[in-house]
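Participant: Starting off with a structure, shown below.
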Amino acid sequence: MIVNLNYDEILSKLKEKGLSEEEIEKKIKEKTDQLSGLVSKEGAAHIIANELGVKIFEDVGEIKIGEVKNGMRNVNLNGKVTMNFGIREFKKENREGRVGNFLIGDETGTIRVVLWDDGHLNVMEKEIKEDVVVRVENGYIRENNGYKEIHLNKDSVFKLNPEGIVIEKVISTPVVTKEKQIKDLKEEDKNVSLKGTVVQIFDPRFFEVCGECGKRANMENGIFKCAAHGQVEPSFSSVVNCILDDGSENIRLVCFRDQVSDLFGINPEELLKLKDTPGDVEPLKDKILGKQIKVGGRAVKNDMFNRIEFIANNLEELNPEMLLKELESDI
């Protein structure tokens with residue numbers, strides 16, 4: 001049976017190797033320093049154990065997403081891409097590079113896949129889009145802000161649409177979010193939720209995207225091109241900005257695609273029609289003004305205007321009765 005060991009239990013297993021607690025603590029500090037603080041003490045202890053040949057877990061092998069536990073190693077699993085968070089560059093003290101992540105799911109749950117290897121990142125950049133089936137082998141599991149994550153390194157296997165693997169159904173796993181007031185938001189806050197009233201809304205804007213990966217398609221010499229797929233026949237996506245006020249402060253809320261549909265209360269096909277019938281937007285905007293919503297997402301810094309904005313990942317209209325019950329519960 002696989003269990004989730006805490007830090008002290010990992011130390012006990014390392015001591016069985018004949019090391020004193022002082023020696024172990026020294027190795028762990030050296031490892032956290034080496035990784036520039038990108039790993040916890042528990043994570044460093046796992047790495048030390050692996051380097052010394054001390055098995056914290058037996059090799060896990062094939063597993064369903066819903067069965068993963070923090071700390072598992074040598075994990076193999078399959079899933080279908082449900083969301084692509086993209087690739088970003090990072091720089092921290094003496095370490096810099098790129099990291100990419102996206103969400104996959106099966107009939108038992110969802111998990112975030114985190115890629116560090118340049119070879120894997122190059123494949124992700126060109127090929128990862130929604131509904132692609134992914135197989136990963138020899139990954140390790142971490143938990144981060146309520147998300148289960150499977151991390152891959154250069155020794156891990158990363159395959160797209162492997163033969164014989166079909167994911168028919170994907171079940172959604174709720175993401176643990178921390179509720180905040182707008183006045184308390186910090187730059188780079190992630191997986192947080194806000195409750196507030198829409199006090200201003202702007203017209204939706206439509207823009208061309210690649211039909212393959214959904215990224216922005218730019219016109220060059222009269223044709224639309226995608227950085228990953230070259231010349232493409234574009235489709236359209238949308239973005240809406242509005243102002244959300246929760247009584248503590250207000251903030252610009254940015255909604256894309258599905259969140260625009262949820263905000264307007266119409267399906268994606270009806271939303272796309274607004275591109276050609278802008279006169280139909282005003283009645284919809286009137287219905288949204290004064291609406292109370294709960295929105296989950298992340299805070300970002302808009303350097304041009306020197307302000308924090310909020311990017312929506314999901315949103316829902318709040319029921320007044322539900323709000324009253326929550327307030328009574330808090331009291």
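Ordered as shown in the structure tokens, chains take letters A, B, and onward, while each chain numbers its residues from 1 and ligands are numbered from 1 in the order shown.
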Just the strand (DSSP E or B) stuff from stretch 83-272 of chain A, please, per backbone DSSP, written as a PyMOL selection string.

Facilitator: chain A and resi 83-92+95-106+109-115+133-144+147-152+157-160+178-179+192-201+205-209+216+218-220+223-226+230-231+235-245+250-256

Participant: Can you list, as a PyMOL selection string, all residues belonging to stretch 251-287 of chain A that DSSP tags as helix (DSSP H, G or I)?

Facilitator: chain A and resi 257-264+268-273+278-287

Participant: My list of candidates is A:Gln231, A:Asn313, A:Ser20, A:Asn78. Which is closest to A:Asp258 when distances are computed with only C-alpha atoms?

Facilitator: A:Asn313

Participant: Calculated over only C-alpha atoms, which of the candidates A:Arg112, A:Lys291, A:Lys186, A:Lys273 has the smallest distance to A:Phe310?

Facilitator: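 Smallest separation from A:Phe310 among the options: A:Lys186.
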
Participant: Excluding stretch 97-100 of chain A and any residue of its chain fewer than 5 positions from it, enumerate the residues within 8 Å of it, using only C-alpha atoms, and give them as a PDB file with N, CA and C atoms, in the first residue's frame.

Facilitator:
```pdb
ATOM      1  N   PHE A  85      -1.880  26.061 -20.288  1.00  0.00           N
ATOM      2  CA  PHE A  85      -1.475  27.284 -19.599  1.00  0.00           C
ATOM      3  C   PHE A  85      -0.243  27.930 -20.232  1.00  0.00           C
ATOM      4  N   GLY A  86       0.349  27.245 -21.216  1.00  0.00           N
ATOM      5  CA  GLY A  86       1.457  27.838 -21.946  1.00  0.00           C
ATOM      6  C   GLY A  86       2.814  27.647 -21.290  1.00  0.00           C
ATOM      7  N   ILE A  87       3.811  28.302 -21.871  1.00  0.00           N
ATOM      8  CA  ILE A  87       5.211  28.211 -21.440  1.00  0.00           C
ATOM      9  C   ILE A  87       5.661  29.590 -20.982  1.00  0.00           C
ATOM     10  N   ARG A  88       6.366  29.623 -19.864  1.00  0.00           N
ATOM     11  CA  ARG A  88       6.893  30.909 -19.394  1.00  0.00           C
ATOM     12  C   ARG A  88       8.369  30.762 -19.055  1.00  0.00           C
ATOM     13  N   GLU A  89       9.065  31.878 -19.097  1.00  0.00           N
ATOM     14  CA  GLU A  89      10.474  31.903 -18.713  1.00  0.00           C
ATOM     15  C   GLU A  89      10.587  32.308 -17.252  1.00  0.00           C
ATOM     16  N   PHE A  90      11.587  31.775 -16.563  1.00  0.00           N
ATOM     17  CA  PHE A  90      11.801  32.166 -15.179  1.00  0.00           C
ATOM     18  C   PHE A  90      13.289  32.434 -14.957  1.00  0.00           C
ATOM     19  N   LYS A  91      13.554  33.247 -13.969  1.00  0.00           N
ATOM     20  CA  LYS A  91      14.934  33.542 -13.589  1.00  0.00           C
ATOM     21  C   LYS A  91      14.962  33.724 -12.093  1.00  0.00           C
ATOM     22  N   VAL A 114       3.631  19.315 -15.679  1.00  0.00           N
ATOM     23  CA  VAL A 114       4.641  20.379 -15.647  1.00  0.00           C
ATOM     24  C   VAL A 114       5.891  19.875 -16.348  1.00  0.00           C
ATOM     25  N   LEU A 115       6.333  20.612 -17.375  1.00  0.00           N
ATOM     26  CA  LEU A 115       7.478  20.212 -18.197  1.00  0.00           C
ATOM     27  C   LEU A 115       8.641  21.168 -17.978  1.00  0.00           C
ATOM     28  N   TRP A 116       9.843  20.594 -17.818  1.00  0.00           N
ATOM     29  CA  TRP A 116      11.050  21.390 -17.621  1.00  0.00           C
ATOM     30  C   TRP A 116      12.077  21.161 -18.731  1.00  0.00           C
ATOM     31  N   ASP A 117      11.993  20.027 -19.404  1.00  0.00           N
ATOM     32  CA  ASP A 117      12.993  19.663 -20.409  1.00  0.00           C
ATOM     33  C   ASP A 117      12.726  20.394 -21.726  1.00  0.00           C
ATOM     34  N   ASP A 118      13.776  20.932 -22.350  1.00  0.00           N
ATOM     35  CA  ASP A 118      13.600  21.703 -23.592  1.00  0.00           C
ATOM     36  C   ASP A 118      12.992  20.868 -24.712  1.00  0.00           C
ATOM     37  N   LEU A 121       9.380  20.709 -24.027  1.00  0.00           N
ATOM     38  CA  LEU A 121       8.776  22.030 -24.215  1.00  0.00           C
ATOM     39  C   LEU A 121       8.607  22.356 -25.698  1.00  0.00           C
ATOM     40  N   MET A 124       5.547  20.545 -26.772  1.00  0.00           N
ATOM     41  CA  MET A 124       4.375  21.224 -26.218  1.00  0.00           C
ATOM     42  C   MET A 124       4.038  22.477 -27.023  1.00  0.00           C
TER      43      MET A 124
END
```

Participant: Find the spatial neighbours of stretch 196-199 of chain A, counting only C-alpha atoms, within a cut-off of 6 Å - ignore same-chain residues fewer than 5 positions away - and output them as a list in words.

Facilitator: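 Counting only the stated atoms, we get Ile243, Leu244, Asp245, Asp246, Leu289, Gly290, Lys291, Gln292 and Ile293 of chain A.
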
Participant: Restrict the selected residues to N, CA and C atoms and save them as a compact mmCIF listing (two decimals), in the first residue's frame.

Facilitator:
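For reference, again27.txt as written:
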```txt
# COMPACT_ATOMS: atom_id res chain seq x y z
N ILE A 243 -15.41 45.97 -14.97
CA ILE A 243 -14.95 46.43 -13.66
C ILE A 243 -15.77 45.70 -12.60
N LEU A 244 -15.06 45.02 -11.69
CA LEU A 244 -15.69 44.30 -10.59
C LEU A 244 -15.41 45.04 -9.29
N ASP A 245 -16.46 45.24 -8.49
CA ASP A 245 -16.35 45.96 -7.22
C ASP A 245 -16.88 45.08 -6.10
N ASP A 246 -16.09 44.92 -5.01
CA ASP A 246 -16.55 44.09 -3.89
C ASP A 246 -16.73 44.89 -2.60
N LEU A 289 -24.79 44.53 -16.03
CA LEU A 289 -24.51 45.57 -15.05
C LEU A 289 -25.31 45.33 -13.76
N GLY A 290 -24.62 45.34 -12.64
CA GLY A 290 -25.26 45.07 -11.36
C GLY A 290 -25.31 43.61 -10.99
N LYS A 291 -24.86 42.75 -11.91
CA LYS A 291 -24.88 41.31 -11.61
C LYS A 291 -23.78 40.98 -10.61
N GLN A 292 -24.11 40.12 -9.63
CA GLN A 292 -23.13 39.67 -8.64
C GLN A 292 -22.56 38.33 -9.09
N ILE A 293 -21.25 38.25 -9.13
CA ILE A 293 -20.60 37.04 -9.64
C ILE A 293 -19.49 36.59 -8.70
```

Participant: Could you state the separation of atom CA of A:Lys13 and atom CA of A:Asn76 in Å, given to one decimal place?

Facilitator: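 Computing it gives 24.7 Å between the two atoms.
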
Participant: Tell me which of A:Lys41, A:Lys15, A:Lys180, A:Lys129 sits closest to A:Lys294, counting only C-alpha atoms.

Facilitator: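 Counting only C-alpha atoms, the residue closest to A:Lys294 is A:Lys180.
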
Participant: With distances taken over only C-alpha atoms, which residue among A:Asn218, A:Gln200, A:Glu187, A:Lys287 lies nearest A:Asn306?

Facilitator: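 The closest residue to A:Asn306 is A:Glu187.
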
Participant: For a test of reading the model, state the distance in Å between atom CA of A:Asn241 and atom CA of A:Gln259, rounded to one decimal.

Facilitator: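 Taking atom CA of A:Asn241 and atom CA of A:Gln259, their separation equals 11.0 Å.
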
Participant: Between atom CA of A:Pro268 and atom CA of A:Ile167, what is the distance in Å, rounded to a tenth?

Facilitator: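 Computing the Euclidean distance for atom CA of A:Pro268 and atom CA of A:Ile167 yields 24.3 Å.
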
Participant: Could you name the residues that touch A:Lys225 at 12 Å or less, counting only C-alpha atoms, but leaving out those on the same chain fewer than 3 positions away, as a list in words?

Facilitator: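 Non-adjacent residues within range: Glu208, Val209, Cys210, Gly211, Glu212, Cys213, Lys215, Arg216, Ala217, Asn218, Met219, Glu220, Asn221, Gly222, Ala228, His229, Gly230, Gln231, Val232, Glu233, Pro234 and Ser235 of chain A.
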
Participant: Pick the closest to A:Lys148 from A:Leu315, A:Met72, A:Val239, A:Ala299: which is it, counting only C-alpha atoms?

Facilitator: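 Selected residue with least distance to A:Lys148: A:Met72.
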
Participant: I want to know what sits within 8 Å of A:Phe264, based on only C-alpha atoms, with residues of the same chain fewer than 4 positions away left out; could you give that as an NGL selection string?

Facilitator: :A and (260 or 284-285 or 288)

Participant: Write out the residues from the selection above, keeping N, CA and C atoms, as a PDB file, in the first residue's frame.

Facilitator:
```pdb
ATOM      1  N   VAL A 260     -16.357  34.631 -21.375  1.00  0.00           N
ATOM      2  CA  VAL A 260     -17.205  35.658 -21.994  1.00  0.00           C
ATOM      3  C   VAL A 260     -18.617  35.113 -22.182  1.00  0.00           C
ATOM      4  N   LEU A 284     -27.454  43.121 -23.858  1.00  0.00           N
ATOM      5  CA  LEU A 284     -26.766  42.124 -23.038  1.00  0.00           C
ATOM      6  C   LEU A 284     -25.944  42.804 -21.953  1.00  0.00           C
ATOM      7  N   LYS A 285     -25.282  43.901 -22.303  1.00  0.00           N
ATOM      8  CA  LYS A 285     -24.491  44.638 -21.318  1.00  0.00           C
ATOM      9  C   LYS A 285     -25.385  45.178 -20.197  1.00  0.00           C
ATOM     10  N   ILE A 288     -26.036  42.616 -17.624  1.00  0.00           N
ATOM     11  CA  ILE A 288     -24.873  42.221 -16.820  1.00  0.00           C
ATOM     12  C   ILE A 288     -24.572  43.247 -15.733  1.00  0.00           C
TER      13      ILE A 288
END
```
